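The structure appears below as structure tokens.
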Amino acid sequence: MRIGIIRCLAQAQNCPGTGCFRAVKEKEGQFANYDNVELVGFTTCGGCPLYDSKTLLGEVELLLNRGAEMIHISACIMSRCSYKDKMEEVVQRAYPNLKIIKGTHSTELGWASIKDQYSRVIPERQE
């Protein structure tokens, strides 16, 4: 299954996508039931408050043009975004046959638990 992930633009400032990428690689969370998964793209929603859906639809089109067969809406959007329903509605209206999956990885762990699973490869920054 070739998938694309749409994540929160605001959260992209703080999250490099570690939880989403790990879930794809380890076939966890919303990817657990796939026999084979290939991530073809990882992009943002275009930002709040979704006044102009052209940016969002442009990002979806990029993912589809790269071969995505379905789109996952990231865990950060599903757990924090007040526009998630509107986002899904806009995409589904434009692409009625596109399968949209809500979520990527579990949000139960939280960022602190996810980052602790990866060793730090650069030293702490000195101020």
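By convention in this document, the chains of the structure tokens carry letters A, B, ... by their order, each chain's residues are numbered from 1, and ligands are numbered from 1 in the order they are shown.
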Got a sec: who's within 9 Å of Gln11 of chain A, counting only C-alpha atoms, leaving out chain neighbours fewer than 5 positions off, as a PyMOL selection string?
-> chain A and resi 16+76-77
Atoms kept (N, CA and C atoms) for selection, written as a PDB file, in the first residue's frame:
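The resulting out.pdb:
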```pdb
ATOM      1  N   PRO A  16       9.800  16.342  14.154  1.00  0.00           N
ATOM      2  CA  PRO A  16      10.356  15.940  12.867  1.00  0.00           C
ATOM      3  C   PRO A  16       9.653  14.737  12.249  1.00  0.00           C
ATOM      4  N   CYS A  76      -0.969  14.024  15.278  1.00  0.00           N
ATOM      5  CA  CYS A  76      -1.012  15.379  15.862  1.00  0.00           C
ATOM      6  C   CYS A  76      -2.257  16.134  15.409  1.00  0.00           C
ATOM      7  N   ILE A  77      -2.670  15.944  14.186  1.00  0.00           N
ATOM      8  CA  ILE A  77      -3.904  16.587  13.726  1.00  0.00           C
ATOM      9  C   ILE A  77      -5.101  15.959  14.423  1.00  0.00           C
TER      10      ILE A  77
END
```
Could you give me, as a list of chain:residue names, the residues within 12 Å of Val24 of chain A, counting only C-alpha atoms and dropping anything in the same chain fewer than 6 positions from it?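 Non-adjacent residues within range: A:Met1, A:Arg2, A:Ile3, A:Gly4, A:Ile5, A:Gly17, A:Thr18, A:Gln30, A:Phe31, A:Ala32, A:Asn33, A:Tyr34, A:Asp35, A:Asn36, A:Val37, A:Glu38, A:Leu39, A:Val40, A:Gly41, A:Phe42, A:His72, A:Ser74, A:Gly103, A:Thr104, A:His105, A:Ser106.
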Those residues with N, CA and C atoms, as a tab-separated table (two decimals), in the first residue's frame please?
```tsv
chain	number	residue	atom	x	y	z
A	1	MET	N	0.85	-1.17	0.00
A	1	MET	CA	0.00	0.00	0.00
A	1	MET	C	0.90	1.23	0.00
A	2	ARG	N	0.67	2.12	-0.94
A	2	ARG	CA	1.44	3.37	-1.03
A	2	ARG	C	0.62	4.48	-0.36
A	3	ILE	N	1.22	5.07	0.67
A	3	ILE	CA	0.49	6.05	1.46
A	3	ILE	C	1.19	7.40	1.51
A	4	GLY	N	0.39	8.43	1.79
A	4	GLY	CA	0.91	9.75	2.08
A	4	GLY	C	0.40	10.15	3.45
A	5	ILE	N	1.17	10.98	4.14
A	5	ILE	CA	0.77	11.47	5.45
A	5	ILE	C	0.68	12.99	5.41
A	17	GLY	N	8.57	14.28	12.88
A	17	GLY	CA	7.82	13.15	12.33
A	17	GLY	C	8.27	11.80	12.85
A	18	THR	N	9.04	11.79	13.91
A	18	THR	CA	9.61	10.56	14.44
A	18	THR	C	8.56	9.49	14.72
A	30	GLN	N	-1.88	2.88	13.19
A	30	GLN	CA	-2.80	2.72	12.06
A	30	GLN	C	-2.20	1.93	10.90
A	31	PHE	N	-0.94	1.58	10.98
A	31	PHE	CA	-0.27	0.82	9.91
A	31	PHE	C	-0.18	-0.66	10.24
A	32	ALA	N	-0.67	-1.07	11.40
A	32	ALA	CA	-0.52	-2.44	11.87
A	32	ALA	C	-1.19	-3.48	10.96
A	33	ASN	N	-2.25	-3.09	10.27
A	33	ASN	CA	-2.98	-4.07	9.46
A	33	ASN	C	-2.54	-4.14	8.00
A	34	TYR	N	-1.53	-3.37	7.64
A	34	TYR	CA	-1.05	-3.41	6.25
A	34	TYR	C	-0.04	-4.54	6.09
A	35	ASP	N	-0.17	-5.28	4.99
A	35	ASP	CA	0.84	-6.29	4.68
A	35	ASP	C	2.14	-5.63	4.25
A	36	ASN	N	2.00	-4.61	3.43
A	36	ASN	CA	3.15	-3.92	2.88
A	36	ASN	C	2.82	-2.43	2.82
A	37	VAL	N	3.69	-1.59	3.31
A	37	VAL	CA	3.41	-0.15	3.30
A	37	VAL	C	4.64	0.60	2.78
A	38	GLU	N	4.38	1.52	1.88
A	38	GLU	CA	5.43	2.39	1.35
A	38	GLU	C	4.98	3.84	1.53
A	39	LEU	N	5.79	4.61	2.22
A	39	LEU	CA	5.49	6.03	2.43
A	39	LEU	C	6.02	6.80	1.23
A	40	VAL	N	5.11	7.42	0.48
A	40	VAL	CA	5.52	8.16	-0.72
A	40	VAL	C	5.65	9.66	-0.47
A	41	GLY	N	5.12	10.13	0.66
A	41	GLY	CA	5.23	11.55	0.96
A	41	GLY	C	4.74	11.89	2.34
A	42	PHE	N	5.29	12.97	2.88
A	42	PHE	CA	5.00	13.44	4.23
A	42	PHE	C	4.95	14.95	4.13
A	72	HIS	N	-3.14	9.31	5.12
A	72	HIS	CA	-3.29	9.26	6.58
A	72	HIS	C	-3.23	10.68	7.11
A	74	SER	N	-2.33	12.71	10.25
A	74	SER	CA	-1.41	12.40	11.35
A	74	SER	C	-2.05	12.42	12.73
A	103	GLY	N	-5.32	9.11	11.70
A	103	GLY	CA	-4.26	8.75	12.63
A	103	GLY	C	-3.08	8.07	11.97
A	104	THR	N	-1.99	8.05	12.74
A	104	THR	CA	-0.76	7.39	12.32
A	104	THR	C	-0.27	6.52	13.47
A	105	HIS	N	0.31	7.14	14.48
A	105	HIS	CA	0.82	6.40	15.64
A	105	HIS	C	-0.05	6.67	16.86
A	106	SER	N	0.18	5.90	17.90
A	106	SER	CA	-0.55	6.08	19.15
A	106	SER	C	-0.14	7.40	19.79
```
- Message: Write out as a ChimeraX atom specification the set of residues from chain A that DSSP, computed on the backbone, places in strand (DSSP E or B).
- Response: /A:2-7,38-44,70-73,99-102
Just the selected residues (N, CA and C atoms), exported as an mmCIF file, in the first residue's frame, please.
```
data_model
loop_
_atom_site.group_PDB
_atom_site.id
_atom_site.type_symbol
_atom_site.label_atom_id
_atom_site.label_comp_id
_atom_site.auth_asym_id
_atom_site.auth_seq_id
_atom_site.Cartn_x
_atom_site.Cartn_y
_atom_site.Cartn_z
ATOM 1 N N ARG A 2 0.674 2.120 -0.943
ATOM 2 C CA ARG A 2 1.436 3.369 -1.033
ATOM 3 C C ARG A 2 0.625 4.477 -0.356
ATOM 4 N N ILE A 3 1.221 5.072 0.666
ATOM 5 C CA ILE A 3 0.487 6.053 1.461
ATOM 6 C C ILE A 3 1.195 7.402 1.507
ATOM 7 N N GLY A 4 0.393 8.429 1.789
ATOM 8 C CA GLY A 4 0.911 9.753 2.083
ATOM 9 C C GLY A 4 0.397 10.150 3.447
ATOM 10 N N ILE A 5 1.170 10.983 4.136
ATOM 11 C CA ILE A 5 0.771 11.469 5.454
ATOM 12 C C ILE A 5 0.681 12.991 5.410
ATOM 13 N N ILE A 6 -0.419 13.506 5.937
ATOM 14 C CA ILE A 6 -0.577 14.946 6.118
ATOM 15 C C ILE A 6 -0.473 15.229 7.604
ATOM 16 N N ARG A 7 0.429 16.141 7.946
ATOM 17 C CA ARG A 7 0.615 16.486 9.358
ATOM 18 C C ARG A 7 0.351 17.958 9.591
ATOM 19 N N GLU A 38 4.385 1.522 1.876
ATOM 20 C CA GLU A 38 5.433 2.391 1.349
ATOM 21 C C GLU A 38 4.979 3.837 1.530
ATOM 22 N N LEU A 39 5.791 4.613 2.223
ATOM 23 C CA LEU A 39 5.491 6.027 2.431
ATOM 24 C C LEU A 39 6.018 6.797 1.225
ATOM 25 N N VAL A 40 5.112 7.425 0.482
ATOM 26 C CA VAL A 40 5.522 8.161 -0.722
ATOM 27 C C VAL A 40 5.645 9.659 -0.468
ATOM 28 N N GLY A 41 5.122 10.132 0.655
ATOM 29 C CA GLY A 41 5.233 11.550 0.959
ATOM 30 C C GLY A 41 4.737 11.887 2.342
ATOM 31 N N PHE A 42 5.289 12.972 2.877
ATOM 32 C CA PHE A 42 5.000 13.440 4.231
ATOM 33 C C PHE A 42 4.950 14.951 4.132
ATOM 34 N N THR A 43 3.779 15.525 4.273
ATOM 35 C CA THR A 43 3.623 16.951 4.051
ATOM 36 C C THR A 43 2.721 17.560 5.112
ATOM 37 N N THR A 44 2.496 18.858 5.019
ATOM 38 C CA THR A 44 1.672 19.529 6.016
ATOM 39 C C THR A 44 0.298 19.873 5.455
ATOM 40 N N MET A 70 -3.717 6.134 -0.622
ATOM 41 C CA MET A 70 -4.554 6.598 0.476
ATOM 42 C C MET A 70 -3.765 7.614 1.278
ATOM 43 N N ILE A 71 -4.500 8.407 2.043
ATOM 44 C CA ILE A 71 -3.893 9.464 2.846
ATOM 45 C C ILE A 71 -4.180 9.206 4.323
ATOM 46 N N HIS A 72 -3.136 9.310 5.124
ATOM 47 C CA HIS A 72 -3.287 9.257 6.576
ATOM 48 C C HIS A 72 -3.233 10.677 7.107
ATOM 49 N N ILE A 73 -4.161 11.004 7.988
ATOM 50 C CA ILE A 73 -4.136 12.274 8.708
ATOM 51 C C ILE A 73 -3.391 11.987 10.010
ATOM 52 N N LYS A 99 -9.323 7.096 -0.088
ATOM 53 C CA LYS A 99 -9.484 6.579 1.270
ATOM 54 C C LYS A 99 -8.636 7.430 2.215
ATOM 55 N N ILE A 100 -9.276 7.949 3.250
ATOM 56 C CA ILE A 100 -8.613 8.769 4.258
ATOM 57 C C ILE A 100 -8.643 8.015 5.575
ATOM 58 N N ILE A 101 -7.472 7.840 6.157
ATOM 59 C CA ILE A 101 -7.337 7.126 7.421
ATOM 60 C C ILE A 101 -7.010 8.143 8.510
ATOM 61 N N LYS A 102 -7.738 8.076 9.603
ATOM 62 C CA LYS A 102 -7.528 8.993 10.721
ATOM 63 C C LYS A 102 -6.464 8.430 11.649
#
```
task: Write out as a ChimeraX atom specification all residues of segment 18-113 of chain A that backbone DSSP assigns to alpha helix (DSSP H).
output: /A:18-26,54-65,75-80,84-94,110-113
File of the preceding selection, N, CA and C atoms, as a compact mmCIF listing (two decimals), in the first residue's frame:
```txt
# COMPACT_ATOMS: atom_id res chain seq x y z
N THR A 18 9.04 11.79 13.91
CA THR A 18 9.61 10.56 14.44
C THR A 18 8.56 9.49 14.72
N GLY A 19 7.48 9.86 15.39
CA GLY A 19 6.43 8.89 15.71
C GLY A 19 5.76 8.33 14.47
N CYS A 20 5.48 9.19 13.50
CA CYS A 20 4.85 8.73 12.25
C CYS A 20 5.77 7.79 11.48
N PHE A 21 7.05 8.19 11.34
CA PHE A 21 7.99 7.35 10.59
C PHE A 21 8.20 6.01 11.28
N ARG A 22 8.31 6.04 12.60
CA ARG A 22 8.48 4.79 13.34
C ARG A 22 7.27 3.87 13.16
N ALA A 23 6.07 4.45 13.23
CA ALA A 23 4.86 3.65 13.06
C ALA A 23 4.81 2.99 11.69
N VAL A 24 5.22 3.72 10.66
CA VAL A 24 5.26 3.13 9.31
C VAL A 24 6.28 2.00 9.27
N LYS A 25 7.49 2.28 9.75
CA LYS A 25 8.58 1.29 9.70
C LYS A 25 8.25 0.03 10.50
N GLU A 26 7.72 0.22 11.69
CA GLU A 26 7.44 -0.91 12.58
C GLU A 26 6.04 -1.51 12.39
N LYS A 54 -7.11 25.63 -0.88
CA LYS A 54 -6.25 25.36 -2.04
C LYS A 54 -4.91 24.78 -1.64
N THR A 55 -4.33 25.28 -0.54
CA THR A 55 -3.04 24.77 -0.10
C THR A 55 -3.16 23.31 0.32
N LEU A 56 -4.15 22.98 1.12
CA LEU A 56 -4.37 21.60 1.55
C LEU A 56 -4.57 20.69 0.35
N LEU A 57 -5.42 21.10 -0.57
CA LEU A 57 -5.69 20.26 -1.75
C LEU A 57 -4.47 20.16 -2.65
N GLY A 58 -3.66 21.19 -2.67
CA GLY A 58 -2.40 21.13 -3.43
C GLY A 58 -1.45 20.09 -2.84
N GLU A 59 -1.41 20.02 -1.51
CA GLU A 59 -0.56 19.02 -0.85
C GLU A 59 -1.08 17.61 -1.10
N VAL A 60 -2.39 17.44 -1.06
CA VAL A 60 -2.98 16.13 -1.36
C VAL A 60 -2.65 15.73 -2.80
N GLU A 61 -2.78 16.68 -3.71
CA GLU A 61 -2.47 16.39 -5.11
C GLU A 61 -1.02 15.96 -5.29
N LEU A 62 -0.10 16.63 -4.58
CA LEU A 62 1.31 16.22 -4.64
C LEU A 62 1.48 14.76 -4.21
N LEU A 63 0.83 14.40 -3.11
CA LEU A 63 0.94 13.03 -2.62
C LEU A 63 0.36 12.03 -3.63
N LEU A 64 -0.78 12.38 -4.22
CA LEU A 64 -1.40 11.50 -5.21
C LEU A 64 -0.53 11.39 -6.46
N ASN A 65 0.08 12.49 -6.87
CA ASN A 65 0.96 12.46 -8.03
C ASN A 65 2.22 11.65 -7.79
N ALA A 75 -1.35 11.78 13.65
CA ALA A 75 -1.80 11.74 15.05
C ALA A 75 -1.90 13.13 15.65
N CYS A 76 -0.97 14.02 15.28
CA CYS A 76 -1.01 15.38 15.86
C CYS A 76 -2.26 16.13 15.41
N ILE A 77 -2.67 15.94 14.19
CA ILE A 77 -3.90 16.59 13.73
C ILE A 77 -5.10 15.96 14.42
N MET A 78 -5.14 14.65 14.48
CA MET A 78 -6.30 13.97 15.06
C MET A 78 -6.45 14.28 16.55
N SER A 79 -5.34 14.50 17.25
CA SER A 79 -5.43 14.74 18.70
C SER A 79 -5.52 16.21 19.08
N ARG A 80 -5.12 17.13 18.18
CA ARG A 80 -5.03 18.53 18.60
C ARG A 80 -5.76 19.53 17.71
N LYS A 84 -9.87 19.42 12.03
CA LYS A 84 -9.68 18.10 11.42
C LYS A 84 -10.90 17.62 10.64
N ASP A 85 -12.09 17.84 11.15
CA ASP A 85 -13.29 17.40 10.44
C ASP A 85 -13.48 18.18 9.14
N LYS A 86 -13.24 19.47 9.20
CA LYS A 86 -13.33 20.31 8.01
C LYS A 86 -12.28 19.88 6.98
N MET A 87 -11.09 19.56 7.45
CA MET A 87 -10.01 19.11 6.57
C MET A 87 -10.42 17.85 5.82
N GLU A 88 -10.93 16.88 6.56
CA GLU A 88 -11.36 15.63 5.94
C GLU A 88 -12.49 15.88 4.94
N GLU A 89 -13.42 16.74 5.31
CA GLU A 89 -14.55 17.07 4.44
C GLU A 89 -14.08 17.69 3.12
N VAL A 90 -13.15 18.64 3.21
CA VAL A 90 -12.62 19.32 2.02
C VAL A 90 -11.93 18.32 1.09
N VAL A 91 -11.10 17.47 1.66
CA VAL A 91 -10.37 16.48 0.85
C VAL A 91 -11.33 15.47 0.25
N GLN A 92 -12.27 14.98 1.03
CA GLN A 92 -13.21 13.97 0.54
C GLN A 92 -14.11 14.53 -0.56
N ARG A 93 -14.47 15.80 -0.44
CA ARG A 93 -15.30 16.42 -1.48
C ARG A 93 -14.52 16.51 -2.80
N ALA A 94 -13.25 16.87 -2.71
CA ALA A 94 -12.42 17.01 -3.91
C ALA A 94 -12.03 15.65 -4.51
N GLY A 110 2.89 9.91 24.05
CA GLY A 110 3.30 11.31 24.09
C GLY A 110 4.71 11.48 23.59
N TRP A 111 5.07 12.72 23.28
CA TRP A 111 6.38 13.00 22.69
C TRP A 111 7.52 12.61 23.62
N ALA A 112 7.40 12.83 24.92
CA ALA A 112 8.50 12.52 25.83
C ALA A 112 8.89 11.05 25.74
N SER A 113 7.92 10.16 25.67
CA SER A 113 8.22 8.73 25.57
C SER A 113 8.82 8.38 24.22
```
